[in-house]
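Below is entry.cif, holding mmCIF, C-alpha atoms.
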data_final
loop_
_atom_site.label_atom_id
_atom_site.label_comp_id
_atom_site.auth_asym_id
_atom_site.auth_seq_id
_atom_site.Cartn_x
_atom_site.Cartn_y
_atom_site.Cartn_z
CA MET Z 1 118.97 31.90 7.76
CA ILE Z 2 118.73 30.27 11.19
CA ASP Z 3 119.14 32.19 14.44
CA PRO Z 4 121.19 29.87 16.67
CA ARG Z 5 120.38 31.90 19.78
CA LEU Z 6 116.80 30.63 19.92
CA VAL Z 7 117.81 27.08 20.80
CA ALA Z 8 120.27 28.45 23.36
CA VAL Z 9 117.55 30.57 25.00
CA LYS Z 10 115.27 27.57 25.36
CA LYS Z 11 118.09 25.48 26.83
CA LYS Z 12 119.12 28.17 29.32
CA LEU Z 13 115.55 28.87 30.48
CA SER Z 14 114.98 25.15 31.04
CA LEU Z 15 117.37 25.37 34.02
CA ILE Z 16 115.04 27.81 35.80
CA LYS Z 17 112.28 26.39 37.96
CA ARG Z 18 109.86 29.33 38.00
CA ILE Z 19 109.72 32.61 36.10
CA LEU Z 20 107.81 35.47 37.73
CA VAL Z 21 107.11 38.39 35.39
CA PHE Z 22 106.29 41.74 37.03
CA SER Z 23 104.20 43.64 34.57
CA SER Z 24 101.70 46.49 34.27
CA ALA Z 25 100.04 48.23 31.40
CA LYS Z 26 100.81 51.59 33.02
CA GLY Z 27 104.12 53.20 33.94
CA GLY Z 28 105.09 54.58 37.34
CA VAL Z 29 103.15 52.03 39.37
CA GLY Z 30 106.19 50.46 41.04
CA LYS Z 31 106.96 47.39 38.93
CA SER Z 32 110.72 47.74 39.30
CA ILE Z 33 110.71 48.27 43.05
CA CYS Z 34 108.29 45.36 43.54
CA ALA Z 35 110.38 43.11 41.27
CA ALA Z 36 113.66 44.09 42.94
CA VAL Z 37 112.33 43.65 46.48
CA SER Z 38 110.64 40.36 45.55
CA ALA Z 39 113.98 39.07 44.24
CA LEU Z 40 115.73 40.23 47.43
CA SER Z 41 113.04 38.60 49.53
CA LEU Z 42 113.20 35.28 47.67
CA SER Z 43 116.97 35.10 47.96
CA GLN Z 44 116.80 36.00 51.65
CA ALA Z 45 114.36 33.13 52.11
CA GLY Z 46 116.98 30.75 50.71
CA PHE Z 47 115.91 30.49 47.08
CA ARG Z 48 118.44 30.82 44.27
CA THR Z 49 117.10 33.86 42.47
CA GLY Z 50 117.85 35.84 39.34
CA LEU Z 51 116.57 39.33 38.61
CA LEU Z 52 116.39 40.32 34.96
CA ASP Z 53 115.59 43.94 34.09
CA MET Z 54 113.83 43.79 30.72
CA ASP Z 55 113.00 47.49 30.74
CA PHE Z 56 115.82 48.42 28.39
CA GLN Z 57 114.75 52.01 27.88
CA GLY Z 58 113.93 52.72 31.49
CA ALA Z 59 116.23 50.34 33.35
CA SER Z 60 116.05 51.12 37.06
CA ALA Z 61 116.23 47.87 39.04
CA HIS Z 62 119.97 48.46 39.58
CA ILE Z 63 119.19 51.88 41.07
CA PHE Z 64 116.82 50.37 43.63
CA LEU Z 65 119.44 47.74 44.47
CA GLY Z 66 122.22 50.32 44.69
CA THR Z 67 124.35 48.35 42.24
CA GLU Z 68 127.32 49.94 40.52
CA LEU Z 69 127.40 48.59 37.00
CA CYS Z 70 130.46 47.67 35.01
CA PHE Z 71 130.85 45.22 32.13
CA PRO Z 72 129.98 41.71 33.23
CA GLU Z 73 132.61 39.03 33.63
CA GLU Z 74 132.83 36.54 30.79
CA SER Z 75 132.85 32.81 31.31
CA ARG Z 76 131.21 30.72 28.60
CA GLY Z 77 128.90 33.69 28.18
CA ILE Z 78 128.38 36.64 30.50
CA LYS Z 79 128.03 36.20 34.22
CA PRO Z 80 125.21 38.06 35.93
CA PHE Z 81 126.15 40.44 38.75
CA ARG Z 82 126.15 38.94 42.24
CA ILE Z 83 124.05 41.31 44.37
CA LYS Z 84 123.80 39.21 47.51
CA GLU Z 85 124.15 35.60 48.41
CA ARG Z 86 121.80 33.65 46.10
CA LEU Z 87 120.80 36.77 44.13
CA ASP Z 88 122.16 37.48 40.64
CA PHE Z 89 121.17 40.34 38.36
CA MET Z 90 121.31 41.22 34.66
CA SER Z 91 120.16 44.27 32.72
CA PHE Z 92 120.82 46.31 29.56
CA ALA Z 93 122.13 49.09 31.82
CA PRO Z 94 125.77 47.88 32.02
CA PHE Z 95 125.94 48.34 28.25
CA SER Z 96 124.10 51.65 27.97
CA ARG Z 97 125.23 53.21 31.28
CA GLU Z 98 123.16 56.32 31.90
CA HIS Z 99 122.69 57.10 28.19
CA PRO Z 100 119.33 57.05 26.39
CA VAL Z 101 118.46 53.77 24.64
CA PRO Z 102 116.43 54.62 21.51
CA LEU Z 103 115.34 51.17 20.32
CA ARG Z 104 112.58 50.23 17.91
CA GLY Z 105 110.56 47.03 18.30
CA ASN Z 106 112.83 44.66 16.38
CA ASP Z 107 115.89 45.99 18.18
CA VAL Z 108 114.18 45.33 21.51
CA THR Z 109 113.49 41.75 20.44
CA GLN Z 110 117.07 41.25 19.23
CA ALA Z 111 118.53 42.64 22.44
CA MET Z 112 116.23 40.45 24.52
CA ILE Z 113 117.21 37.30 22.61
CA GLU Z 114 120.90 38.17 22.89
CA LEU Z 115 120.72 38.83 26.63
CA LEU Z 116 118.80 35.60 27.23
CA ALA Z 117 121.18 33.60 25.02
CA ILE Z 118 124.47 34.77 26.48
CA THR Z 119 123.68 35.26 30.19
CA VAL Z 120 124.84 32.26 32.17
CA TRP Z 121 122.58 31.99 35.21
CA ASP Z 122 123.26 29.37 37.81
CA GLU Z 123 120.45 26.89 38.26
CA LEU Z 124 117.69 29.08 39.64
CA ASP Z 125 114.61 28.49 41.75
CA PHE Z 126 113.17 31.79 40.56
CA LEU Z 127 113.86 34.24 37.78
CA VAL Z 128 112.14 37.55 38.52
CA VAL Z 129 111.61 39.64 35.39
CA ASP Z 130 111.05 43.38 35.62
CA MET Z 131 109.06 44.48 32.56
CA PRO Z 132 108.63 47.89 30.95
CA PRO Z 133 105.13 49.37 31.05
CA GLY Z 134 102.65 48.47 28.36
CA ILE Z 135 101.62 45.54 26.21
CA GLY Z 136 104.27 46.02 23.58
CA ASP Z 137 107.18 44.07 22.17
CA GLU Z 138 108.66 43.03 25.51
CA VAL Z 139 105.44 41.43 26.77
CA LEU Z 140 104.83 39.70 23.45
CA ASP Z 141 108.42 38.45 23.41
CA ILE Z 142 108.19 37.17 26.98
CA LEU Z 143 105.07 35.24 25.98
CA ARG Z 144 106.95 33.90 22.96
CA PHE Z 145 110.17 32.86 24.70
CA MET Z 146 109.08 32.14 28.26
CA ASN Z 147 106.04 29.94 27.93
CA ARG Z 148 106.33 29.03 31.62
CA ALA Z 149 106.17 32.66 32.72
CA GLU Z 150 103.75 33.49 35.52
CA PHE Z 151 102.61 37.09 35.61
CA ILE Z 152 102.30 39.30 38.66
CA VAL Z 153 100.44 42.45 37.69
CA ILE Z 154 101.20 45.69 39.53
CA THR Z 155 98.53 48.34 39.90
CA THR Z 156 97.70 51.35 42.10
CA PRO Z 157 94.39 52.63 43.46
CA SER Z 158 94.24 55.27 40.70
CA GLY Z 159 91.12 54.88 38.58
CA VAL Z 160 93.18 55.74 35.49
CA VAL Z 161 95.71 53.00 36.27
CA ILE Z 162 92.97 50.46 36.95
CA ARG Z 163 91.28 51.13 33.62
CA VAL Z 164 94.56 50.68 31.77
CA VAL Z 165 95.65 47.62 33.77
CA GLU Z 166 92.33 45.97 32.96
CA ARG Z 167 93.47 45.82 29.32
CA LEU Z 168 96.56 43.82 30.26
CA LEU Z 169 94.49 41.47 32.41
CA GLU Z 170 92.06 41.00 29.56
CA MET Z 171 94.89 40.09 27.18
CA LEU Z 172 96.49 37.68 29.67
CA ARG Z 173 93.13 36.05 30.36
CA ASN Z 174 92.33 35.70 26.65
CA LEU Z 175 95.73 34.17 25.98
CA GLU Z 176 95.35 31.88 29.01
CA VAL Z 177 98.62 33.13 30.44
CA PRO Z 178 99.16 32.08 34.07
CA VAL Z 179 98.64 35.05 36.40
CA VAL Z 180 99.76 34.56 39.99
CA GLY Z 181 97.80 37.64 40.97
CA ILE Z 182 97.68 41.39 41.37
CA ILE Z 183 99.70 43.59 43.74
CA GLU Z 184 98.18 46.94 44.62
CA ASN Z 185 100.95 49.45 45.24
CA MET Z 186 100.79 52.96 46.74
CA LYS Z 187 97.54 52.29 48.52
CA THR Z 188 96.23 55.30 50.38
CA ASN Z 189 93.84 55.45 53.32
CA GLU Z 190 91.17 56.71 51.05
CA SER Z 191 91.39 53.99 48.49
CA PRO Z 192 89.02 54.90 45.68
CA TYR Z 193 85.94 52.80 45.35
CA ARG Z 194 84.09 54.55 42.70
CA THR Z 195 82.36 54.44 39.38
CA ASN Z 196 83.57 55.95 36.15
CA SER Z 197 82.10 59.16 34.78
CA CYS Z 198 79.10 57.29 33.39
CA GLY Z 199 78.52 55.53 36.69
CA GLU Z 200 78.88 52.22 34.91
CA ARG Z 201 81.27 50.24 37.03
CA ASN Z 202 83.29 49.98 40.11
CA LEU Z 203 86.91 51.15 39.84
CA SER Z 204 88.77 49.40 42.60
CA ASN Z 205 91.48 46.79 42.50
CA SER Z 206 89.50 44.31 44.55
CA TYR Z 207 86.61 44.62 42.11
CA MET Z 208 89.01 44.31 39.15
CA ALA Z 209 90.56 41.17 40.65
CA LYS Z 210 87.14 39.69 41.21
CA ARG Z 211 85.98 40.59 37.71
CA PHE Z 212 88.96 38.82 36.15
CA GLN Z 213 88.86 35.97 38.69
CA MET Z 214 92.41 36.76 39.76
CA LYS Z 215 93.76 37.04 43.27
CA LEU Z 216 94.63 40.38 44.85
CA LEU Z 217 97.88 39.22 46.43
CA GLY Z 218 98.35 42.19 48.70
CA SER Z 219 98.31 45.96 49.11
CA ILE Z 220 101.41 48.03 49.75
CA PRO Z 221 100.77 51.39 51.43
CA PHE Z 222 101.97 54.61 49.81
CA ILE Z 223 105.41 55.42 51.24
CA PRO Z 224 106.02 59.20 51.15
CA ASP Z 225 109.77 58.93 51.84
CA MET Z 226 110.37 56.14 49.32
CA ASP Z 227 113.43 57.90 47.88
CA GLU Z 228 115.24 57.44 51.17
CA LEU Z 229 115.06 53.67 50.68
CA VAL Z 230 116.37 53.70 47.11
CA GLY Z 231 119.74 51.97 46.76
CA ARG Z 232 119.51 50.37 50.22
CA PRO Z 233 118.45 46.73 49.82
CA ASP Z 234 118.43 45.97 53.55
CA ALA Z 235 116.33 49.05 54.33
CA LEU Z 236 113.94 48.13 51.52
CA LEU Z 237 113.48 44.65 52.95
CA CYS Z 238 112.69 46.07 56.40
CA SER Z 239 110.22 48.66 55.09
CA ILE Z 240 106.48 48.14 55.00
CA LEU Z 241 106.90 47.46 51.27
CA GLY Z 242 109.53 44.81 51.99
CA LEU Z 243 107.47 43.18 54.72
CA THR Z 244 104.34 43.07 52.58
CA ILE Z 245 106.23 41.60 49.64
CA LYS Z 246 107.89 39.08 51.93
CA LYS Z 247 104.44 37.77 52.92
CA ILE Z 248 103.35 37.64 49.28
CA MET Z 249 106.52 35.83 48.19
CA SER Z 250 106.27 33.44 51.10
CA ALA Z 251 102.81 32.42 49.91
CA ILE Z 252 104.01 32.13 46.29
CA THR Z 253 106.90 29.86 47.23
CA ARG Z 254 104.50 27.50 48.95
CA GLN Z 255 102.50 27.22 45.73
CA ARG Z 256 103.33 24.93 42.84
CA GLY Z 257 104.39 26.96 39.83
CA ASN Z 258 102.60 27.80 36.62
CA SER Z 259 99.07 27.95 37.94
CA CYS Z 260 96.27 30.24 36.87
CA LYS Z 261 94.29 29.46 39.97
CA SER Z 262 93.94 31.70 42.96
CA PHE Z 263 95.85 30.34 45.85
CA LEU Z 264 95.95 32.55 48.88
CA GLY Z 265 94.20 35.20 50.82
CA GLY Z 266 95.39 38.74 50.19
CA VAL Z 267 98.10 40.37 52.26
CA ASN Z 268 97.76 43.90 53.50
CA GLY Z 269 100.72 46.04 54.43
CA MET V 1 134.64 34.88 26.13
CA HIS V 2 130.97 35.30 25.38
CA GLU V 3 131.99 33.87 22.00
CA TRP V 4 131.67 30.54 23.82
CA ALA V 5 127.97 31.15 24.45
CA LEU V 6 127.49 31.89 20.75
CA ALA V 7 129.51 28.80 19.76
CA GLU V 8 127.37 26.70 22.10
CA ALA V 9 124.23 28.18 20.53
CA VAL V 10 125.44 27.27 17.04
CA ILE V 11 126.31 23.70 18.05
CA SER V 12 123.02 23.14 19.91
CA THR V 13 121.12 24.33 16.84
CA VAL V 14 123.08 22.14 14.43
CA ASP V 15 122.64 19.18 16.79
CA LYS V 16 118.88 19.79 16.83
CA ILE V 17 118.83 19.78 13.01
CA TYR V 18 120.98 16.62 12.99
CA ARG V 19 118.54 14.82 15.31
CA GLU V 20 115.48 16.05 13.44
CA ASN V 21 116.94 14.58 10.25
CA ASN V 22 117.44 11.03 11.54
CA LYS V 23 121.09 11.69 12.38
CA LYS V 24 122.20 12.06 8.78
CA SER V 25 125.85 13.11 8.61
CA ILE V 26 126.45 16.83 8.49
CA HIS V 27 128.27 17.79 5.29
CA SER V 28 128.71 21.49 5.98
CA VAL V 29 127.43 24.30 8.15
CA ASN V 30 127.72 27.80 6.76
CA ILE V 31 128.02 30.46 9.42
CA SER V 32 127.73 34.17 8.88
CA ILE V 33 129.54 36.40 11.36
CA GLY V 34 128.24 39.95 11.56
CA GLU V 35 130.93 42.59 11.56
CA ILE V 36 129.31 44.80 14.19
CA GLN V 37 129.65 42.24 16.99
CA SER V 38 133.45 42.03 16.54
CA ILE V 39 133.55 38.32 17.30
CA GLU V 40 137.05 37.11 18.09
CA MET V 41 137.27 34.24 15.65
CA ASP V 42 140.14 32.46 17.42
CA ILE V 43 138.08 32.22 20.61
CA PHE V 44 134.93 31.28 18.69
CA ARG V 45 136.73 28.49 16.77
CA GLU V 46 138.44 27.26 19.95
CA GLY V 47 135.06 27.18 21.72
CA LEU V 48 133.54 25.21 18.84
CA LYS V 49 136.41 22.76 18.82
CA ILE V 50 136.25 22.03 22.55
CA ILE V 51 132.46 21.86 22.82
CA LEU V 52 132.26 19.67 19.71
CA ASP V 53 134.12 16.89 21.54
CA GLU V 54 130.74 15.79 22.87
CA TYR V 55 129.03 15.79 19.45
CA PRO V 56 128.99 13.46 16.45
CA PHE V 57 130.27 16.12 14.02
CA GLY V 58 133.60 17.88 13.99
CA PRO V 59 134.88 21.42 13.48
CA GLU V 60 135.82 20.70 9.85
CA VAL V 61 132.17 20.99 8.74
CA PHE V 62 131.92 24.63 9.82
CA GLN V 63 132.54 27.28 7.17
CA PHE V 64 132.67 30.96 8.11
CA LYS V 65 132.16 34.19 6.28
CA THR V 66 132.11 37.70 7.65
CA GLU V 67 129.18 39.92 6.76
CA LYS V 68 129.89 43.63 6.60
CA ALA V 69 127.63 45.75 8.76
CA SER V 70 125.42 48.22 6.92
CA PHE V 71 122.88 50.68 8.25
CA LYS V 72 119.95 52.73 6.99
CA CYS V 73 118.69 55.89 8.66
CA ASN V 74 114.96 55.91 9.39
CA CYS V 75 114.98 59.73 9.26
CA CYS V 76 116.97 60.74 6.16
CA GLY V 77 116.90 57.35 4.40
CA LYS V 78 120.63 57.27 3.67
CA GLU V 79 122.68 54.09 3.99
CA TRP V 80 126.22 53.61 5.26
CA LEU V 81 128.77 51.05 6.38
CA LEU V 82 130.39 50.52 9.76
CA GLU V 83 133.67 51.87 8.41
CA ASP V 84 131.95 55.19 7.59
CA HIS V 85 131.49 55.79 11.31
CA ALA V 86 133.89 57.80 13.35
CA GLU V 87 135.86 55.42 15.57
CA CYS V 88 133.96 54.44 18.73
CA GLY V 89 135.78 54.43 22.07
CA GLU V 90 136.91 51.16 23.62
CA GLU V 91 134.03 51.02 26.13
CA GLU V 92 131.47 51.69 23.42
CA ARG V 93 132.97 48.99 21.19
CA GLU V 94 132.91 46.56 24.11
CA ALA V 95 129.23 47.33 24.80
CA ILE V 96 128.34 46.77 21.13
CA HIS V 97 130.38 43.54 21.15
CA PHE V 98 128.20 42.19 23.97
CA LEU V 99 124.91 43.61 22.72
CA PRO V 100 124.89 44.92 19.14
CA GLU V 101 121.75 46.97 19.92
CA ALA V 102 123.97 49.17 22.08
CA ALA V 103 124.95 50.65 18.68
CA HIS V 104 121.79 52.73 19.01
CA VAL V 105 123.18 54.17 22.22
CA TYR V 106 126.59 55.13 20.87
CA MET V 107 126.22 55.59 17.11
CA ARG V 108 124.42 58.18 14.99
CA CYS V 109 123.56 58.55 11.33
CA PRO V 110 126.69 60.13 9.81
CA TYR V 111 124.48 62.27 7.55
CA CYS V 112 121.77 63.68 9.86
CA ASP V 113 123.00 62.64 13.33
CA SER V 114 119.83 60.70 14.12
CA PRO V 115 119.98 57.68 16.48
CA ASP V 116 116.95 56.27 14.64
CA PHE V 117 118.50 53.85 12.18
CA LYS V 118 118.28 50.19 11.38
CA LEU V 119 120.99 47.64 11.05
CA LEU V 120 120.45 46.14 7.61
CA LYS V 121 123.14 43.47 7.70
CA GLY V 122 126.05 42.20 9.74
CA ARG V 123 124.49 42.03 13.20
CA GLY V 124 125.74 38.82 14.78
CA VAL V 125 126.17 35.09 14.36
CA SER V 126 123.69 33.27 12.16
CA ILE V 127 123.53 29.92 10.39
CA GLU V 128 123.04 30.45 6.67
CA SER V 129 122.63 26.78 5.82
CA VAL V 130 123.19 23.26 7.08
CA GLU V 131 123.91 20.73 4.35
CA LEU V 132 123.31 17.09 5.17
CA ASP V 133 125.20 14.27 3.52
CA PRO V 134 122.78 12.85 0.90
CA GLY V 135 124.50 9.48 0.79
CA ASN V 136 123.86 8.61 4.41
CA ASP V 137 120.22 7.56 4.81
#

Mind turning the file's structure into C-alpha cells?
Amino acid sequence: MIDPRLVAVKKKLSLIKRILVFSSAKGGVGKSICAAVSALSLSQAGFRTGLLDMDFQGASAHIFLGTELCFPEESRGIKPFRIKERLDFMSFAPFSREHPVPLRGNDVTQAMIELLAITVWDELDFLVVDMPPGIGDEVLDILRFMNRAEFIVITTPSGVVIRVVERLLEMLRNLEVPVVGIIENMKTNESPYRTNSCGERNLSNSYMAKRFQMKLLGSIPFIPDMDELVGRPDALLCSILGLTIKKIMSAITRQRGNSCKSFLGGVNG
Amino acid sequence: MHEWALAEAVISTVDKIYRENNKKSIHSVNISIGEIQSIEMDIFREGLKIILDEYPFGPEVFQFKTEKASFKCNCCGKEWLLEDHAECGEEEREAIHFLPEAAHVYMRCPYCDSPDFKLLKGRGVSIESVELDPGND
C-alpha cells in the first residue's frame, strides 16, 4: 500500500523558501503568539508568508489573529485563509471549530500529512509553523517531512521552563537540526539567574543559549494586559512584543536560510 | 474540489514509480478509496483525466475500489462500520471529508460513547499496487 500524499507533500513544500518552526518543550510559553506575530511581521516587511498552526489539540493562532474560521475554499486542493496582504493561514481549527480534538499519535500524523498534502499555498518566502508543546509526534513528524525546517525555540525565565526546554535543545543538537535561536518570552525585571536546588548550574536563558551554542535572539518583556491585544493584529504588531519580534525577524530575513550558526546579536524588548 | 489535490498526489506518485523503473509502461494502478472521506468520484476521475494530459500514461490504467470504513474502540474493544453511526450533520460530514481525523471530533463509539477509537480501514486514497508492463524493457 502506497500513500500518495507523501510525494505531494514533498512537492508542495519545495515551493517554500524557508520554514521557521516555533517550538518549545513546555506549554504556555507563548509559542503561538510569537509565531503569529512573526508571520504578521514578515508579511508586513514584504515577504510572502504562510502561517500553519500544527497544534491540532490546542489550536489558538487564529484567536490571536482574530480570524473567523469557516470551511476553506477549494481550488485544486484547499486554499489557506487570507489574513492580510501576503499572509495566508491554515489550521485544524476550521474543521474542529471549538470542539475538543482527541487524537492519538497516528491520527496526528495522518492529519498533518493530509493538511500538508491538500493545502495549496502560493509560492512562499516563509512558512511559519506553530507547534504544540513537547517533543512528541508533531515534532518528530516535522523533522520527518520538513527536512529544511529551522527551529526557533521559545522559552521564559522560569527555571522550570528552562530545565524542560533544555531537553528539546539537546534533542535538536543531537539530531543536528538547524536552530535559528532562542526567544525568551515574558521576561520580568527580576530575571532569574540562579542555580538549581543542588546548586549545580545556572538556570538562565543566556546561560542555556551559551551552553548549547545557540543564539538568544531576543527577550520579550512580560505584558500584563496581553489579553487586550488578542485578536487585534495591528495592535499586536505595535506592542513591545511586536516591535521586539520585528527586530528579530528583520535579522532573520537578512540571513541565509537553513543555518545552525549563530548570526546576530540578541534583541531586547 | 480537494479531490484534485488527491488526484495530483496519486499521479505524482505513479510518475515517480514510472521514472524509478526506467519508464516501463504502466499496466495498471489499483487505487483504494476510503469510504470515510466521501470522495466525489466524478470530480476525482475528471481531475485525473485533465492532469494526466501532461503524463505518459492515461486514465485507462487506473482501477478503483471503495474500501468500507471500519472502526475499533480503544476503550471497550468493540468494532463497527460507518453505517452503524447515527447520521452526522452536513457540516460534520464536510469536515471529515476534508480531514478524516475530524471523525474523532464528531463521532463516538456507538457502544460506550468514547471518542477514543481507531479507524481500522477506509480512511482515504491509497495506491494498492502499480503493475508495470513486463514486455516493455

Within 10 Å of chain V, which residues of chain Z show up? Give each one with its shortest atom-to-atom distance in Å (one decimal) and the two atoms involved, counting all atoms listed in the file, rows by chain then rising residue number, as a tab-separated table.
residue	atom	partner	partner_atom	distance
Z:Met1	CA	V:Glu128	CA	4.5
Z:Ile2	CA	V:Ile127	CA	4.9
Z:Asp3	CA	V:Ser126	CA	5.2
Z:Pro4	CA	V:Val10	CA	5.0
Z:Arg5	CA	V:Ala9	CA	5.4
Z:Leu6	CA	V:Ala9	CA	7.8
Z:Val7	CA	V:Thr13	CA	5.8
Z:Ala8	CA	V:Ala9	CA	4.9
Z:Val9	CA	V:Ala9	CA	8.4
Z:Lys11	CA	V:Ser12	CA	8.8
Z:Phe71	CA	V:Ala95	CA	7.8
Z:Pro72	CA	V:Phe98	CA	9.4
Z:Glu73	CA	V:Met1	CA	8.8
Z:Glu74	CA	V:Met1	CA	5.3
Z:Ser75	CA	V:Met1	CA	5.9
Z:Arg76	CA	V:Trp4	CA	4.8
Z:Gly77	CA	V:His2	CA	3.8
Z:Ile78	CA	V:His2	CA	5.9
Z:Lys79	CA	V:His2	CA	9.4
Z:Phe92	CA	V:Leu99	CA	8.4
Z:Ala93	CA	V:Ala102	CA	9.9
Z:Pro94	CA	V:Ala95	CA	8.0
Z:Phe95	CA	V:Ala95	CA	4.9
Z:Ser96	CA	V:Val105	CA	6.3
Z:Arg97	CA	V:Val105	CA	9.3
Z:Glu98	CA	V:Val105	CA	9.9
Z:His99	CA	V:Val105	CA	6.7
Z:Pro100	CA	V:Val105	CA	6.4
Z:Val101	CA	V:Val105	CA	5.3
Z:Pro102	CA	V:His104	CA	6.2
Z:Leu103	CA	V:His104	CA	6.8
Z:Arg104	CA	V:Asp116	CA	8.1
Z:Asn106	CA	V:Lys118	CA	9.2
Z:Asp107	CA	V:Glu101	CA	6.2
Z:Val108	CA	V:Glu101	CA	7.9
Z:Thr109	CA	V:Glu101	CA	9.8
Z:Gln110	CA	V:Glu101	CA	7.4
Z:Ala111	CA	V:Glu101	CA	6.0
Z:Met112	CA	V:Leu99	CA	9.4
Z:Ile113	CA	V:Leu99	CA	10.0
Z:Glu114	CA	V:Leu99	CA	6.8
Z:Leu115	CA	V:Leu99	CA	7.5
Z:Ala117	CA	V:Ala5	CA	7.2
Z:Ile118	CA	V:Ala5	CA	5.4
Z:Thr119	CA	V:Ala5	CA	8.3
Z:Val120	CA	V:Ala5	CA	8.4

Separation of atom CA of Asp227 of chain Z from atom CA of Gly50 of chain Z in Å: 24.1 Å

Reference answer for the PyMOL selection byres ((chain V and resi 77) around 10), as a PyMOL selection string: chain V and resi 71-76+78-79+109+111-112+117

Okay, now the selection with C-alpha atoms, as a PDB file, in the coordinates of the input?
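Below is the file that was written, result16.pdb:
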ATOM      1  CA  PHE V  71     122.880  50.680   8.250  1.00  0.00           C
ATOM      2  CA  LYS V  72     119.950  52.730   6.990  1.00  0.00           C
ATOM      3  CA  CYS V  73     118.690  55.890   8.660  1.00  0.00           C
ATOM      4  CA  ASN V  74     114.960  55.910   9.390  1.00  0.00           C
ATOM      5  CA  CYS V  75     114.980  59.730   9.260  1.00  0.00           C
ATOM      6  CA  CYS V  76     116.970  60.740   6.160  1.00  0.00           C
ATOM      7  CA  LYS V  78     120.630  57.270   3.670  1.00  0.00           C
ATOM      8  CA  GLU V  79     122.680  54.090   3.990  1.00  0.00           C
ATOM      9  CA  CYS V 109     123.560  58.550  11.330  1.00  0.00           C
ATOM     10  CA  TYR V 111     124.480  62.270   7.550  1.00  0.00           C
ATOM     11  CA  CYS V 112     121.770  63.680   9.860  1.00  0.00           C
ATOM     12  CA  PHE V 117     118.500  53.850  12.180  1.00  0.00           C
TER      13      PHE V 117
END

Distance criterion (all atoms listed in the file): nearest to Leu52 of chain V out of V:Ile33, V:Glu67, V:Asp15, V:Gly122: V:Asp15

Exercise: His62 of chain Z partners within 12 Å, all atoms listed in the file, chain neighbours under 5 positions left out, as JSON, numbers by chain: {"Z": [32, 33, 35, 36, 37, 51, 52, 53, 54, 55, 56, 67, 68, 69, 70, 81, 82, 83, 88, 89, 90, 91, 92, 93, 94, 97, 98, 130, 230, 231, 232, 233]}

Keeping C-alpha atoms for every residue in the selection just given, could you write it to a file as a short mmCIF file (atom, residue, chain, number, x, y, z; two decimals), keeping the file's coordinate frame?
data_model
loop_
_atom_site.label_atom_id
_atom_site.label_comp_id
_atom_site.auth_asym_id
_atom_site.auth_seq_id
_atom_site.Cartn_x
_atom_site.Cartn_y
_atom_site.Cartn_z
CA SER Z 32 110.72 47.74 39.30
CA ILE Z 33 110.71 48.27 43.05
CA ALA Z 35 110.38 43.11 41.27
CA ALA Z 36 113.66 44.09 42.94
CA VAL Z 37 112.33 43.65 46.48
CA LEU Z 51 116.57 39.33 38.61
CA LEU Z 52 116.39 40.32 34.96
CA ASP Z 53 115.59 43.94 34.09
CA MET Z 54 113.83 43.79 30.72
CA ASP Z 55 113.00 47.49 30.74
CA PHE Z 56 115.82 48.42 28.39
CA THR Z 67 124.35 48.35 42.24
CA GLU Z 68 127.32 49.94 40.52
CA LEU Z 69 127.40 48.59 37.00
CA CYS Z 70 130.46 47.67 35.01
CA PHE Z 81 126.15 40.44 38.75
CA ARG Z 82 126.15 38.94 42.24
CA ILE Z 83 124.05 41.31 44.37
CA ASP Z 88 122.16 37.48 40.64
CA PHE Z 89 121.17 40.34 38.36
CA MET Z 90 121.31 41.22 34.66
CA SER Z 91 120.16 44.27 32.72
CA PHE Z 92 120.82 46.31 29.56
CA ALA Z 93 122.13 49.09 31.82
CA PRO Z 94 125.77 47.88 32.02
CA ARG Z 97 125.23 53.21 31.28
CA GLU Z 98 123.16 56.32 31.90
CA ASP Z 130 111.05 43.38 35.62
CA VAL Z 230 116.37 53.70 47.11
CA GLY Z 231 119.74 51.97 46.76
CA ARG Z 232 119.51 50.37 50.22
CA PRO Z 233 118.45 46.73 49.82
#

Residue with smallest distance to Leu203 of chain Z - pool Z:Val161, Z:Leu243, Z:Leu229, Z:Val180, counting only C-alpha atoms: Z:Val161

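Comparing Z:Asn185, Z:Ser239, Z:Pro80, Z:Tyr207 by their smallest distance to Ser219 of chain Z, the closest is Z:Asn185 (using all atoms listed in the file).
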
Expected selection from the PyMOL selection byres ((chain Z and resi 25) around 7), given as a list in words: Ser23, Ser24, Lys26, Gly27, Pro133, Gly134, Ile135, Val164, Val165 and Leu168 of chain Z

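Note on the selection: in this file the PyMOL selection byres ((chain V and resi 27) around 10) comes out as Lys24, Ser25, Ile26, Ser28, Val29, Phe57, Glu60, Val61, Phe62, Val130, Glu131, Leu132, Asp133 and Pro134 of chain V.
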
Go ahead and dump the residues you just picked, C-alpha atoms, as a PDB file, in the coordinates of the input.
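This went into out-v1.pdb:
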ATOM      1  CA  LYS V  24     122.200  12.060   8.780  1.00  0.00           C
ATOM      2  CA  SER V  25     125.850  13.110   8.610  1.00  0.00           C
ATOM      3  CA  ILE V  26     126.450  16.830   8.490  1.00  0.00           C
ATOM      4  CA  SER V  28     128.710  21.490   5.980  1.00  0.00           C
ATOM      5  CA  VAL V  29     127.430  24.300   8.150  1.00  0.00           C
ATOM      6  CA  PHE V  57     130.270  16.120  14.020  1.00  0.00           C
ATOM      7  CA  GLU V  60     135.820  20.700   9.850  1.00  0.00           C
ATOM      8  CA  VAL V  61     132.170  20.990   8.740  1.00  0.00           C
ATOM      9  CA  PHE V  62     131.920  24.630   9.820  1.00  0.00           C
ATOM     10  CA  VAL V 130     123.190  23.260   7.080  1.00  0.00           C
ATOM     11  CA  GLU V 131     123.910  20.730   4.350  1.00  0.00           C
ATOM     12  CA  LEU V 132     123.310  17.090   5.170  1.00  0.00           C
ATOM     13  CA  ASP V 133     125.200  14.270   3.520  1.00  0.00           C
ATOM     14  CA  PRO V 134     122.780  12.850   0.900  1.00  0.00           C
TER      15      PRO V 134
END

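Closest approach to Asp125 of chain Z among Z:Gly159, Z:Gly46, Z:Pro224, Z:Gly30 is made by Z:Gly46 (distances from all atoms listed in the file).
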
Coordinates-based distance that separates atom CA of Gln57 of chain Z from atom CA of Asp113 of chain V (Å, one decimal): 19.8 Å

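With atom CA of Lys210 of chain Z on one side and atom CA of Leu127 of chain Z on the other, the separation reads 27.5 Å.
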